[in-house]
Amino acid sequence: MAARASITVGEFIRAATRRFERAGLHFGHGTHSARDEAAYLVLHTLRLPYETLRASLARRLIPAERAKLGAIIARRIRERLPAPYLTHEAWLGEYRFYIDPRAIVPRAFIAELLREGLDPWLRRPVRSALDLCTGSGCLAVLLAKGFPEARVDAADLSAAALAVARRNVARYCLERRVQLVRSDLFSALGARRYDLIVSNPPYVKAASMRTLPPEYRHEPRMALAGGADGLDLVRRILAEAGKHLSERGLLVCEIGHNRRALEKAFPALPFVWPETSAGAQHVFVIEREQLPLTTAASPSATRARRRQGASPGASRAERVRRA
């Protein structure tokens with residue numbers, strides 16, 4: 001920032017916005033524009049609530065504040081770190097979570113659906129729930145908050161991510177209700193069954209992984225990479241989830257922009273796509289009784305069943321329930 005005798009919060013935000021735009025930064029880790037990111041970093045650094053932004057714009061900065069703000073803006077540009085890794089916080093609705101580069105920055109459309117209790121798709125009381133690929137543990141915390149009678153397991157293959165999740169579970173005093181499990185998907189969960197399973201697994205396609213902006217390359221690769229078509233882990237989840245769900249239990253899974261590929265790979269499965277703030281394409285829900293109970297569906301397996309006289313279309317019409 002150019003040296004000036006005095007500068008307001010609003011002037012600093014405008015100057016930081018121009019610097020972000022010139023630097024070609026990418027956003028998407030809680031904000032979606034240079035201006036919003038500049039405002040967030042300024043207010044966080046000054047320890048001002050975001051809702052006070054308008055009232056704070058005319059506030060004049062003292063030299064020590066300008067120095068602190070200049071340092072964090074320069075670091076965002078120089079290192080291309082996502083803002084939450086700079087501030088060590090991320091928000092899902094009203095809930096604040098600790099975050100650092102050991103875990104992917106929380107951002108889940110599933111959180112929007114949990115605010116409504118997964119109504120109308122969840123058709124049974126939730127006494128047990130699983131957050132699969134928990135990362136920072138944010139969805140596990142939201143499950144425990146949303147279903148106060150539920151025991152929650154939070155599973156992830158990354159010990160480093162689980163360390164972050166442990167911190168967030170402790171932040172909300174949920175150690176007695178949320179159990180962290182190091183597991184390659186369901187492998188360490190034995191025969192446990194759940195009324196509800198939610199998962200935000202890695203789903204970025206291999207081609208997209210090769211062109212990720214620098215900000216996203218700071219996140220753990222294993223939390224992003226989903227194989228050639230982005231569905232490697234989703235296939236495994238669909239293959240195994242039925243064995244870990246209770247009667248009428250629900251699977252809720254986020255898959256990014258892969259709806260068309262998923263429906264092509266599993267034409268017999270009656271996926272339902274709830275509306276989120278980004279449309280009805282990022283999250284599917286499906287009940288246990290509609291899932292394969294042993295092996296994953298595949299185009300070749302589906303063709304084989306059809307040759308044997310199966311009628312997956314009729315089965316779908318009989319079983320799918322849409323409210």
# chains A, B, ... in the order shown; residues from 1 in each chain; ligands from 1
>>> residues_around(residues="Ala83 of chain A", least_positions_apart="4", cutoff="10 Å", atoms="only C-alpha atoms", output="tab-separated table (two decimals) with C-alpha atoms, in the first residue's frame")
chain	number	residue	atom	x	y	z
A	27	PHE	CA	-10.94	-17.64	-4.50
A	28	GLY	CA	-13.44	-20.24	-3.36
A	29	HIS	CA	-12.30	-21.05	0.18
A	30	GLY	CA	-15.08	-19.15	1.91
A	31	THR	CA	-15.16	-16.10	-0.34
A	37	GLU	CA	-11.59	-11.77	0.57
A	38	ALA	CA	-9.94	-8.41	1.27
A	40	TYR	CA	-12.63	-10.77	5.42
A	41	LEU	CA	-8.88	-10.56	5.99
A	72	ILE	CA	-1.28	-10.50	5.78
A	73	ILE	CA	-2.26	-9.01	2.41
A	75	ARG	CA	1.48	-12.99	2.38
A	76	ARG	CA	-1.80	-13.87	0.66
A	87	THR	CA	-6.43	-16.98	9.67
A	88	HIS	CA	-6.74	-20.59	10.88
A	89	GLU	CA	-10.50	-20.42	10.76
A	90	ALA	CA	-13.31	-21.48	8.45
A	105	VAL	CA	-10.58	-26.16	3.95
A	215	GLU	CA	-4.41	-21.87	-3.79
>>> select_by_dssp(residues="segment 37-270 of chain A", states="helix (DSSP H, G or I)", output="ChimeraX atom specification")
/A:37-46,50-56,63-79,83-87,110-115,138-146,159-171,206-209,214-217,221-223,232-244,259-265
>>> residues_around(residues="Glu65 of chain A", least_positions_apart="4", cutoff="8 Å", atoms="only C-alpha atoms", output="list in words")
Leu46, Leu61 and Leu69 of chain A
>>> write_last_selection(atoms="N, CA and C atoms", output="PDB file, in the first residue's frame")
ATOM      1  N   LEU A  46      -8.291  -7.201  12.315  1.00  0.00           N
ATOM      2  CA  LEU A  46      -8.660  -6.159  13.277  1.00  0.00           C
ATOM      3  C   LEU A  46      -9.574  -6.684  14.382  1.00  0.00           C
ATOM      4  N   LEU A  61      -7.223   3.761  10.501  1.00  0.00           N
ATOM      5  CA  LEU A  61      -6.265   2.780  11.000  1.00  0.00           C
ATOM      6  C   LEU A  61      -5.075   3.474  11.633  1.00  0.00           C
ATOM      7  N   LEU A  69      -2.028  -5.406   8.774  1.00  0.00           N
ATOM      8  CA  LEU A  69      -2.841  -5.651   7.590  1.00  0.00           C
ATOM      9  C   LEU A  69      -1.975  -5.785   6.339  1.00  0.00           C
TER      10      LEU A  69
END
